[in-house]
Each structure stands twice: as structure tokens, then as C-alpha cells.
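K.L.:
Below is the file run.txt, which contains compact mmCIF, C-alpha atoms.
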```
# COMPACT_ATOMS: atom_id res chain seq x y z
CA MET L 1 12.42 -14.05 21.00
CA LYS L 2 11.42 -10.85 22.66
CA MET L 3 11.49 -7.65 20.70
CA ASN L 4 9.36 -5.28 22.74
CA ASP L 5 12.24 -4.31 24.98
CA SER L 6 14.89 -3.82 22.35
CA LYS L 7 15.33 -2.94 18.72
CA MET L 8 15.55 -5.70 16.16
CA ASN L 9 18.92 -6.95 15.04
CA ASP L 10 20.24 -6.50 11.50
CA LYS L 11 19.35 -10.02 10.36
CA GLU L 12 15.75 -9.60 11.48
CA LYS L 13 15.52 -6.21 9.76
CA LYS L 14 16.91 -7.61 6.51
CA LEU L 15 14.58 -10.59 6.50
CA ILE L 16 11.47 -8.61 7.40
CA SER L 17 12.11 -5.75 4.97
CA SER L 18 12.81 -8.23 2.13
CA LEU L 19 9.62 -10.17 2.82
CA ARG L 20 7.60 -6.96 3.17
CA LYS L 21 8.67 -6.09 -0.38
CA ASN L 22 8.10 -9.60 -1.73
CA GLY L 23 6.49 -12.16 0.54
CA ARG L 24 7.39 -15.02 -1.83
CA GLU L 25 11.06 -14.10 -2.11
CA LYS L 26 13.30 -17.16 -1.75
CA ILE L 27 15.02 -17.30 1.63
CA LYS L 28 18.20 -18.52 -0.09
CA LYS L 29 18.30 -15.32 -2.16
CA ILE L 30 17.69 -13.05 0.86
CA ALA L 31 20.45 -14.88 2.75
CA GLU L 32 22.91 -14.70 -0.14
CA ASP L 33 22.16 -11.03 -0.88
CA ASN L 34 22.98 -10.19 2.73
CA ASN L 35 25.89 -12.61 3.33
CA ILE L 36 23.98 -14.48 6.01
CA PRO L 37 23.98 -18.31 6.22
CA VAL L 38 20.83 -19.75 4.64
CA SER L 39 20.20 -22.00 7.68
CA THR L 40 20.28 -18.95 9.97
CA MET L 41 17.73 -17.17 7.78
CA PHE L 42 15.43 -20.23 7.72
CA ASP L 43 15.65 -20.55 11.51
CA LEU L 44 14.81 -16.89 11.91
CA LEU L 45 11.86 -17.12 9.49
CA HIS L 46 10.41 -20.11 11.31
CA ARG L 47 10.86 -18.48 14.72
CA LEU L 48 9.08 -15.33 13.57
CA GLU L 49 6.25 -17.40 12.05
CA ASP L 50 5.88 -19.70 15.06
CA LYS L 51 5.72 -16.77 17.49
CA GLY L 52 3.02 -15.10 15.40
CA PHE L 53 5.17 -12.08 14.55
CA ILE L 54 4.66 -12.48 10.81
CA GLU L 55 2.10 -13.85 8.33
CA HIS L 56 2.37 -13.96 4.58
CA LYS L 57 -0.45 -12.57 2.46
CA THR L 58 -1.08 -11.85 -1.18
CA HIS L 59 -2.70 -8.51 -1.97
CA ILE L 60 -5.20 -8.77 -4.77
CA ASN L 61 -6.75 -6.08 -6.91
CA PHE L 62 -10.27 -6.72 -5.63
CA GLU L 63 -11.80 -4.46 -8.23
CA LYS L 64 -10.52 -6.76 -10.97
CA ILE L 65 -12.06 -9.83 -9.38
CA GLY L 66 -15.49 -8.26 -9.12
CA TYR L 67 -15.43 -6.27 -5.88
CA PRO L 68 -15.17 -2.63 -6.99
CA ILE L 69 -16.62 -1.12 -3.81
CA LYS L 70 -14.35 -0.74 -0.80
CA GLN L 71 -15.67 1.06 2.25
CA PHE L 72 -14.31 1.90 5.67
CA PHE L 73 -16.77 1.91 8.56
CA ALA L 74 -16.45 3.43 12.02
CA VAL L 75 -19.28 2.07 14.16
CA LYS L 76 -20.51 2.60 17.67
CA SER L 77 -22.70 0.26 19.69
CA THR L 78 -23.94 0.07 23.26
CA PRO L 79 -22.23 -1.92 26.03
CA SER L 80 -25.03 -4.49 25.80
CA THR L 81 -24.76 -5.00 22.01
CA ARG L 82 -20.98 -4.68 21.60
CA ASP L 83 -20.24 -8.42 21.72
CA LYS L 84 -23.17 -9.16 19.44
CA LEU L 85 -21.86 -6.62 16.92
CA LYS L 86 -18.35 -8.07 17.16
CA ASN L 87 -19.67 -11.58 16.56
CA PHE L 88 -21.73 -10.36 13.61
CA LEU L 89 -18.76 -8.61 12.01
CA GLU L 90 -16.47 -11.58 12.57
CA THR L 91 -18.78 -13.84 10.60
CA LYS L 92 -19.21 -11.56 7.59
CA SER L 93 -17.05 -12.83 4.76
CA ASN L 94 -16.86 -9.44 3.02
CA ILE L 95 -14.88 -7.85 5.87
CA ASN L 96 -11.17 -7.66 5.19
CA ASN L 97 -9.84 -5.87 8.29
CA LEU L 98 -11.50 -5.42 11.66
CA HIS L 99 -10.17 -3.39 14.58
CA ILE L 100 -11.35 -2.43 18.04
CA ILE L 101 -10.85 1.32 18.39
CA ASN L 102 -11.47 4.10 20.87
CA SER L 103 -12.13 7.81 20.31
CA GLY L 104 -15.90 7.53 20.55
CA PHE L 105 -16.40 4.50 18.32
CA ASP L 106 -16.05 0.77 18.99
CA PHE L 107 -15.02 -0.83 15.71
CA HIS L 108 -13.32 0.24 12.53
CA PHE L 109 -13.46 -2.11 9.57
CA GLU L 110 -12.87 -2.40 5.85
CA ALA L 111 -15.51 -4.14 3.76
CA LEU L 112 -15.70 -5.10 0.08
CA PHE L 113 -18.81 -5.32 -2.05
CA LYS L 114 -19.70 -6.48 -5.55
CA ASN L 115 -22.00 -3.52 -6.15
CA GLN L 116 -23.85 -0.63 -4.51
CA LYS L 117 -26.89 -2.81 -3.84
CA GLU L 118 -24.84 -5.28 -1.84
CA ALA L 119 -23.24 -2.42 0.13
CA GLN L 120 -26.68 -0.96 0.84
CA GLU L 121 -28.01 -4.33 1.98
CA PHE L 122 -25.12 -4.72 4.40
CA GLN L 123 -25.86 -1.31 5.93
CA GLU L 124 -29.55 -2.18 6.21
CA LEU L 125 -28.68 -5.42 7.95
CA LEU L 126 -26.70 -3.49 10.57
CA GLU L 127 -29.70 -1.22 11.11
CA GLU L 128 -32.32 -3.96 11.15
CA ARG L 129 -30.48 -5.85 13.84
CA SER L 130 -30.03 -2.64 15.88
CA LEU L 131 -26.36 -3.43 16.28
CA THR L 132 -25.06 0.10 15.90
CA THR L 133 -26.05 3.41 17.42
CA GLU L 134 -23.87 5.41 15.07
CA LYS L 135 -21.96 4.60 11.90
CA ASN L 136 -19.78 6.58 9.57
CA ILE L 137 -18.99 5.22 6.13
CA TYR L 138 -16.17 6.31 3.84
CA ASN L 139 -15.78 5.12 0.26
CA VAL L 140 -12.26 4.42 -0.90
CA ILE L 141 -11.59 6.32 -4.10
CA ASP L 142 -8.00 5.16 -4.47
CA THR L 143 -5.42 3.11 -2.59
CA LEU L 144 -2.27 5.22 -2.61
CA ALA L 145 -0.05 3.04 -0.43
CA LYS L 146 -0.53 -0.27 1.32
CA GLU L 147 1.65 -2.05 3.87
CA LYS L 148 4.71 0.08 3.18
CA PHE L 149 6.05 0.46 6.73
CA MET L 150 9.18 -1.67 7.30
CA THR L 151 9.75 -2.27 3.62
CA GLU L 152 13.08 -0.47 4.15
CA GLU L 153 15.60 -1.07 6.91
CA GLU L 154 15.68 2.58 7.97
CA HIS L 155 11.99 2.39 8.95
CA PHE L 156 12.97 0.24 11.94
CA ASP L 157 14.97 2.96 13.69
CA MET O 1 -16.22 -6.82 -14.10
CA ARG O 2 -14.80 -10.14 -12.89
CA ILE O 3 -12.31 -11.70 -15.26
CA ILE O 4 -11.68 -14.99 -13.51
CA SER O 5 -13.77 -18.00 -12.53
CA GLU O 6 -14.83 -19.17 -9.06
CA LYS O 7 -12.26 -21.95 -9.28
CA GLU O 8 -9.50 -19.46 -9.98
CA LEU O 9 -10.65 -17.35 -7.05
CA TRP O 10 -10.36 -20.47 -4.94
CA LEU O 11 -6.80 -20.87 -6.18
CA LEU O 12 -6.02 -17.24 -5.32
CA SER O 13 -7.47 -17.74 -1.84
CA HIS O 14 -4.60 -20.13 -1.06
CA PHE O 15 -2.17 -17.26 -1.62
CA ARG O 16 -4.41 -14.93 0.39
CA GLN O 17 -4.18 -17.42 3.25
CA ASN O 18 -0.44 -17.93 2.93
CA ALA O 19 1.52 -16.10 0.26
CA ARG O 20 4.51 -18.39 0.81
CA GLU O 21 2.55 -21.61 0.41
CA SER O 22 4.39 -24.06 -1.85
CA LEU O 23 2.85 -24.69 -5.25
CA THR O 24 3.16 -28.42 -4.61
CA LYS O 25 0.99 -28.19 -1.52
CA ILE O 26 -1.59 -26.01 -3.30
CA SER O 27 -1.59 -28.55 -6.14
CA ARG O 28 -2.28 -31.37 -3.67
CA ASN O 29 -5.19 -29.42 -2.13
CA THR O 30 -6.74 -28.26 -5.37
CA LYS O 31 -5.86 -31.18 -7.68
CA VAL O 32 -4.61 -28.58 -10.18
CA PRO O 33 -1.21 -29.50 -11.72
CA VAL O 34 1.78 -27.59 -10.32
CA SER O 35 2.72 -26.38 -13.81
CA THR O 36 -0.77 -24.89 -14.27
CA ILE O 37 -0.62 -23.14 -10.89
CA PHE O 38 2.84 -21.82 -11.75
CA ASP O 39 1.61 -20.43 -15.09
CA LYS O 40 -1.49 -18.89 -13.51
CA LEU O 41 0.54 -17.31 -10.70
CA LYS O 42 2.94 -15.71 -13.20
CA HIS O 43 -0.04 -14.48 -15.23
CA TYR O 44 -1.76 -12.97 -12.17
CA GLU O 45 1.37 -11.28 -10.79
CA GLY O 46 1.36 -7.65 -11.88
CA ASN O 47 -2.27 -8.00 -12.93
CA LEU O 48 -4.73 -9.40 -10.37
CA ILE O 49 -2.02 -9.78 -7.76
CA LYS O 50 -0.73 -6.43 -6.56
CA LYS O 51 1.91 -7.77 -4.24
CA HIS O 52 2.96 -10.71 -2.10
CA THR O 53 3.90 -9.38 1.30
CA THR O 54 4.46 -10.29 4.91
CA ILE O 55 2.17 -8.66 7.41
CA LEU O 56 3.53 -7.97 10.85
CA ASP O 57 2.28 -7.97 14.38
CA PHE O 58 3.64 -4.51 15.05
CA THR O 59 2.88 -4.70 18.75
CA LYS O 60 5.04 -7.80 19.16
CA LEU O 61 7.79 -6.04 17.22
CA GLY O 62 7.76 -3.15 19.68
CA PHE O 63 5.62 -0.64 17.78
CA LEU O 64 2.83 -0.05 20.23
CA ALA O 65 0.97 2.93 18.78
CA LYS O 66 -1.25 2.23 15.80
CA ALA O 67 -3.87 4.67 14.61
CA GLN O 68 -6.07 5.46 11.68
CA ALA O 69 -6.47 9.14 10.91
CA MET O 70 -8.93 10.74 8.56
CA LEU O 71 -8.00 14.19 7.38
CA GLN O 72 -9.66 16.94 5.41
CA LEU O 73 -7.12 19.40 4.07
CA SER O 74 -7.21 22.75 2.43
CA PRO O 75 -7.83 22.01 -1.30
CA SER O 76 -4.64 23.84 -2.25
CA GLN O 77 -2.54 21.55 -0.02
CA ARG O 78 -4.12 18.19 -0.82
CA GLU O 79 -1.50 17.07 -3.31
CA GLU O 80 1.43 18.38 -1.28
CA ALA O 81 0.12 16.60 1.83
CA LYS O 82 -0.32 13.38 -0.13
CA GLU O 83 3.27 13.50 -1.37
CA PHE O 84 4.47 14.25 2.16
CA LEU O 85 2.52 11.33 3.64
CA LEU O 86 3.75 8.93 0.95
CA LYS O 87 7.32 9.76 1.97
CA CYS O 88 6.72 9.33 5.71
CA ASP O 89 8.25 6.13 7.05
CA ASN O 90 5.52 5.62 9.64
CA VAL O 91 2.64 5.74 7.18
CA ASN O 92 1.77 2.09 6.58
CA SER O 93 -1.22 2.59 4.28
CA LEU O 94 -2.81 5.60 2.65
CA TYR O 95 -6.21 5.86 0.98
CA LYS O 96 -8.05 8.61 -0.82
CA ILE O 97 -11.59 8.64 0.59
CA ASN O 98 -14.79 10.68 0.48
CA ASN O 99 -17.62 11.64 2.86
CA GLY O 100 -16.06 14.79 4.21
CA TYR O 101 -12.43 13.69 4.31
CA ASP O 102 -9.60 13.51 1.80
CA TYR O 103 -7.34 10.80 3.16
CA LEU O 104 -7.41 7.86 5.54
CA ILE O 105 -3.96 7.09 6.89
CA GLU O 106 -2.76 4.15 8.93
CA PHE O 107 0.15 5.16 11.16
CA ILE O 108 2.52 2.89 13.08
CA PHE O 109 4.74 4.37 15.81
CA ARG O 110 6.76 3.02 18.73
CA ASP O 111 4.63 4.88 21.27
CA MET O 112 1.79 7.37 21.62
CA ARG O 113 4.15 10.29 22.20
CA GLU O 114 5.84 9.74 18.81
CA LEU O 115 2.43 9.49 17.15
CA GLU O 116 1.09 12.64 18.78
CA ASP O 117 4.30 14.55 18.00
CA PHE O 118 3.95 13.56 14.35
CA ILE O 119 0.32 14.68 14.18
CA GLY O 120 1.24 17.96 15.87
CA GLU O 121 4.04 18.63 13.38
CA PHE O 122 1.79 17.67 10.48
CA GLU O 123 -0.84 20.17 11.64
CA LYS O 124 1.78 22.90 11.84
CA LYS O 125 2.90 22.16 8.27
CA PHE O 126 -0.54 21.71 6.66
CA ASP O 127 -3.92 23.37 6.98
CA VAL O 128 -5.95 20.47 8.40
CA ARG O 129 -9.62 21.51 8.17
CA LYS O 130 -11.06 18.41 9.83
CA LYS O 131 -9.49 15.47 11.64
CA GLN O 132 -10.73 12.22 13.14
CA LEU O 133 -8.22 9.97 14.86
CA PHE O 134 -8.95 6.39 15.88
CA TYR O 135 -6.46 4.62 18.11
CA ILE O 136 -6.39 0.91 17.41
CA VAL O 137 -6.84 -0.98 20.64
CA ASP O 138 -6.89 -4.48 19.18
CA GLU O 139 -6.74 -6.13 15.81
CA ILE O 140 -9.41 -8.78 15.29
CA GLN O 141 -9.01 -9.54 11.59
CA ARG O 142 -6.38 -8.57 9.08
CA GLU O 143 -6.45 -9.35 5.36
CA ASN O 144 -9.23 -11.84 5.93
CA PHE O 145 -11.23 -11.35 2.74
CA MET O 146 -11.00 -14.41 0.47
CA ALA O 147 -8.36 -15.88 2.72
CA ASN O 148 -10.18 -19.09 3.60
CA PRO O 149 -9.86 -21.71 0.82
CA GLU O 150 -12.01 -24.21 2.72
CA LEU O 151 -14.94 -21.78 2.85
CA MET O 152 -14.52 -20.88 -0.82
CA LYS O 153 -14.45 -24.57 -1.76
CA ILE O 154 -17.85 -25.03 -0.12
CA ASN O 155 -19.18 -22.09 -2.17
CA ILE O 156 -17.88 -23.64 -5.39
CA ASN O 157 -19.43 -27.02 -4.60
CA ASN O 158 -22.77 -25.40 -3.85
```
Could the structure of this file be written out as C-alpha cells, please?
P.N.:
Amino acid sequence: MKMNDSKMNDKEKKLISSLRKNGREKIKKIAEDNNIPVSTMFDLLHRLEDKGFIEHKTHINFEKIGYPIKQFFAVKSTPSTRDKLKNFLETKSNINNLHIINSGFDFHFEALFKNQKEAQEFQELLEERSLTTEKNIYNVIDTLAKEKFMTEEEHFD
Amino acid sequence: MRIISEKELWLLSHFRQNARESLTKISRNTKVPVSTIFDKLKHYEGNLIKKHTTILDFTKLGFLAKAQAMLQLSPSQREEAKEFLLKCDNVNSLYKINNGYDYLIEFIFRDMRELEDFIGEFEKKFDVRKKQLFYIVDEIQRENFMANPELMKININN
């Protein structure tokens, strides 16, 4: 399966958009709703999973389970500490998303904390270990939309 | 305030790891009866659980330009810009933030030209006072928080 060179076909669009809306939707229902054989839909799902195109995740309201503080960080390091910083961030269990970026910074990540003290301690740890030369922190006040691209078939065009 | 126990968080972590995991398999791993897991899942859906979804490797699907933009807008246009962004197909996620910016937006486009054209058009339509754009070069972790049941099991046992 190679999609980089061409647009996805209708079956792929229907499966992906359905699962984007509800990741636990039954494949039988998606197939029946779209008049596609169930076996074809299962084959397609397994191919997409096996190739690493898709993963299924449950989004939780972290605030309700005791993590009310969500922060985005943009951090910069030096060439000599970049790998060390990456390794540090990869081992921190409170980091939800981690990206390598450009535009003057090295990493952009989303972290969750139980309280302000824990958030402060995390920042201090970054400073103590001299892992960053610059860091910008943004508190999330509200999540207005999350993972909405490709929830509709027209998004694929 | 947390409203569920460590053991229930452990249960939720199975869905964080794989939202399509069968309840039978989770039951085998956790030794919690399937009927209990079913009841808890139904209870959590629409409450603790916001959504089960499928996350995509956009690059493999042919969408090569991914960026996170932080924007500060004219106060009079904040709401209008928010509504506009919520309707844009290529906005994957949108957050209201602080520290000098109003919104953090994750964009997905087929290529850099499409992304830059969009930003250019957006700036013509709205009074963007401050902008910071990060192009995502590589994704190291995605939806990783509480997505490792094995690790959470160790925490419970300790």
C-alpha cells in the first residue's frame, strides 16, 4: 500500500473517516453502512494497522482524572545536549506528545501535571540539568478541537 | 479532583494504548470480568472518555506538511477567527492558550505551499498581531500519556 503518490480510494476514506469519528466503531457496521463487503473492510483495516498508517487511541478528559494542568513547551538546546534532552523527554511519563521542530527551537511537546507544584518542579528539572538554552511555555486554557482532520470524507481532497 | 482509582486508571490505560482492544483481552490482562469492563466503559464514555479515535500517520497518507502555529489576534477578531479555524478542514486540533498568544493550532496540509498559502490568506482576513510557526520535522511520541498499562501496573503494585 502506497499512498504518498496518489489520493486514497473511496473505501480507505470511508474507513478512516468512520474510525476518526469513533475508533471503536464495529467494522461490520462501517462496511454495511457503505455497501462494502465486511471481509474487504477487515483486510483494509489490518493492512493500514500493519503498515503503521493508523493507531487507535482513546482521548480522556485528563482534568477529570486529576491532571488539570496542560502545558505546551517549545524548547531549544545546543547541538551537544540535543540527544540528552530528547532522551530525557522520552522517559518522562507526563509527556503526551513530542515533536522535533524547526523555526529556532528543537522540540515541541505537550505535558500534563497534577498541580502547579509538579509543573514547576518539571521546569526546574530542565534547568538544573542544563538541558535547554531557551524554553517557552504556554498553558492550555481550553481544548476547542482535537483530531478533527479526516473525520469527514471531503477533508481528503 | 480525581474521581477514579489507580486500578480504574490502569483499566483506562488499555484503551489509551489501543482503543479497539477487545474487552475479552483486557479482561484476561486485568483479571476484571468482561461485564464489569463493559459497564465501566459505558459509564466513562461521555464522561471521562471524550472520544475513541484513530490517529493517523499523515506523512504516510500523503500529507507532508504539519505545523503548529501560535497566534495572537486583535481582541475584536478573536471569536471570529476561532469560528473560522473550527470550520477549516486542515485544522486538526485547536487550543486556547495564554502567555502572549490566543490560540495554538495544529495544521495538516499536503505540502508546504498549501500551508503557506493558507497562512497568507488567514493573515489577509484577520489582524494577526503576533505569530510563531513551528514546522514539525518528526513525531517522536503521540498520545503517549497513560498509554502504557504495563508501566501503570508497576505503579499500582508499588
K.L.:
Per residue of chain L within 8 Å of chain O, record the nearest atom pair and its distance in Å to one decimal, counting all atoms listed in the file, with rows in chain order and ascending residue number, as a Markdown table.
P.N.:
```
| residue | atom | partner | partner_atom | distance |
| --- | --- | --- | --- | --- |
| L:Lys2 | CA | O:Lys60 | CA | 7.9 |
| L:Met3 | CA | O:Leu61 | CA | 5.3 |
| L:Asn4 | CA | O:Gly62 | CA | 4.1 |
| L:Asp5 | CA | O:Gly62 | CA | 7.0 |
| L:Ser6 | CA | O:Gly62 | CA | 7.6 |
| L:Lys7 | CA | O:Gly62 | CA | 7.6 |
| L:Met8 | CA | O:Leu61 | CA | 7.8 |
| L:Ile16 | CA | O:Thr54 | CA | 7.6 |
| L:Leu19 | CA | O:Thr54 | CA | 5.6 |
| L:Arg20 | CA | O:Thr53 | CA | 4.8 |
| L:Lys21 | CA | O:Thr53 | CA | 6.0 |
| L:Asn22 | CA | O:Thr53 | CA | 5.2 |
| L:Gly23 | CA | O:Thr53 | CA | 3.9 |
| L:Arg24 | CA | O:Arg20 | CA | 5.2 |
| L:Gly52 | CA | O:Asp57 | CA | 7.2 |
| L:Phe53 | CA | O:Asp57 | CA | 5.0 |
| L:Ile54 | CA | O:Leu56 | CA | 4.6 |
| L:Glu55 | CA | O:Ile55 | CA | 5.3 |
| L:His56 | CA | O:Thr54 | CA | 4.2 |
| L:Lys57 | CA | O:Ala19 | CA | 4.6 |
| L:Thr58 | CA | O:His52 | CA | 4.3 |
| L:His59 | CA | O:Lys51 | CA | 5.2 |
| L:Ile60 | CA | O:Ile49 | CA | 4.5 |
| L:Asn61 | CA | O:Leu48 | CA | 5.2 |
| L:Phe62 | CA | O:Leu48 | CA | 7.8 |
| L:Glu63 | CA | O:Met1 | CA | 7.7 |
| L:Lys64 | CA | O:Arg2 | CA | 5.8 |
| L:Ile65 | CA | O:Arg2 | CA | 4.5 |
| L:Gly66 | CA | O:Arg2 | CA | 4.3 |
| L:Glu90 | CA | O:Gln141 | CA | 7.8 |
| L:Ser93 | CA | O:Phe145 | CA | 6.3 |
| L:Asn94 | CA | O:Phe145 | CA | 6.0 |
| L:Ile95 | CA | O:Phe145 | CA | 5.9 |
| L:Asn96 | CA | O:Phe145 | CA | 4.4 |
| L:Asn97 | CA | O:Arg142 | CA | 4.5 |
| L:Leu98 | CA | O:Gln141 | CA | 4.8 |
| L:His99 | CA | O:Glu139 | CA | 4.6 |
| L:Ile100 | CA | O:Asp138 | CA | 5.0 |
| L:Ile101 | CA | O:Ile136 | CA | 4.6 |
| L:Asn102 | CA | O:Tyr135 | CA | 5.7 |
| L:Ser103 | CA | O:Phe134 | CA | 5.6 |
| L:Ile137 | CA | O:Asn99 | CA | 7.3 |
| L:Tyr138 | CA | O:Asn99 | CA | 5.6 |
| L:Asn139 | CA | O:Ile97 | CA | 5.5 |
| L:Val140 | CA | O:Ile97 | CA | 4.5 |
| L:Ile141 | CA | O:Ile97 | CA | 5.2 |
| L:Asp142 | CA | O:Lys96 | CA | 5.0 |
| L:Thr143 | CA | O:Tyr95 | CA | 4.6 |
| L:Leu144 | CA | O:Leu94 | CA | 5.3 |
| L:Ala145 | CA | O:Leu94 | CA | 4.9 |
| L:Lys146 | CA | O:Ser93 | CA | 4.2 |
| L:Glu147 | CA | O:Asn92 | CA | 4.9 |
| L:Lys148 | CA | O:Asn92 | CA | 4.9 |
| L:Phe149 | CA | O:Asn92 | CA | 4.6 |
| L:Met150 | CA | O:Asp89 | CA | 7.9 |
| L:His155 | CA | O:Asp89 | CA | 5.6 |
```
K.L.:
Mind pulling up the distance from CA of Arg78 (chain O) to CA of Gln120 (chain L)?
P.N.:
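Separation between CA of Gln120 (chain L) and CA of Arg78 (chain O): 29.6 Å.
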K.L.:
Do you have the CA of Asp127 (chain O)-CA of Glu79 (chain O) distance handy?
P.N.:
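For CA of Asp127 (chain O) relative to CA of Glu79 (chain O), the distance reads 12.3 Å.
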K.L.:
May I have the centre and edge lengths, in Å to one decimal, of an axis-aligned box around the listed atoms of region 34-49 of chain L with 8 Å added to every side, as JSON?
P.N.:
```
{"center_x": 16.1, "center_y": -16.1, "center_z": 8.7, "size_x": 35.6, "size_y": 27.8, "size_z": 28.0}
```
K.L.:
What is the distance, in Å and to one decimal place, between CA of Thr132 (chain L) and CA of Lys76 (chain L)?
P.N.:
5.5 Å
K.L.:
For a quick check of understanding, using all atoms listed in the file, which of O:Arg113, O:Lys125, O:Lys7, O:Lys40 has the smallest distance to Leu23 (chain O)?
P.N.:
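Of O:Arg113, O:Lys125, O:Lys7, O:Lys40, the one nearest Leu23 (chain O), counting all atoms listed in the file, is O:Lys40.
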K.L.:
Under the rule that all atoms listed in the file are counted, which of L:Glu12, L:Asp106, L:Glu152, L:Glu32 is the nearest residue to Val75 (chain L)?
P.N.:
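Among the listed residues, L:Asp106 lies closest to Val75 (chain L).
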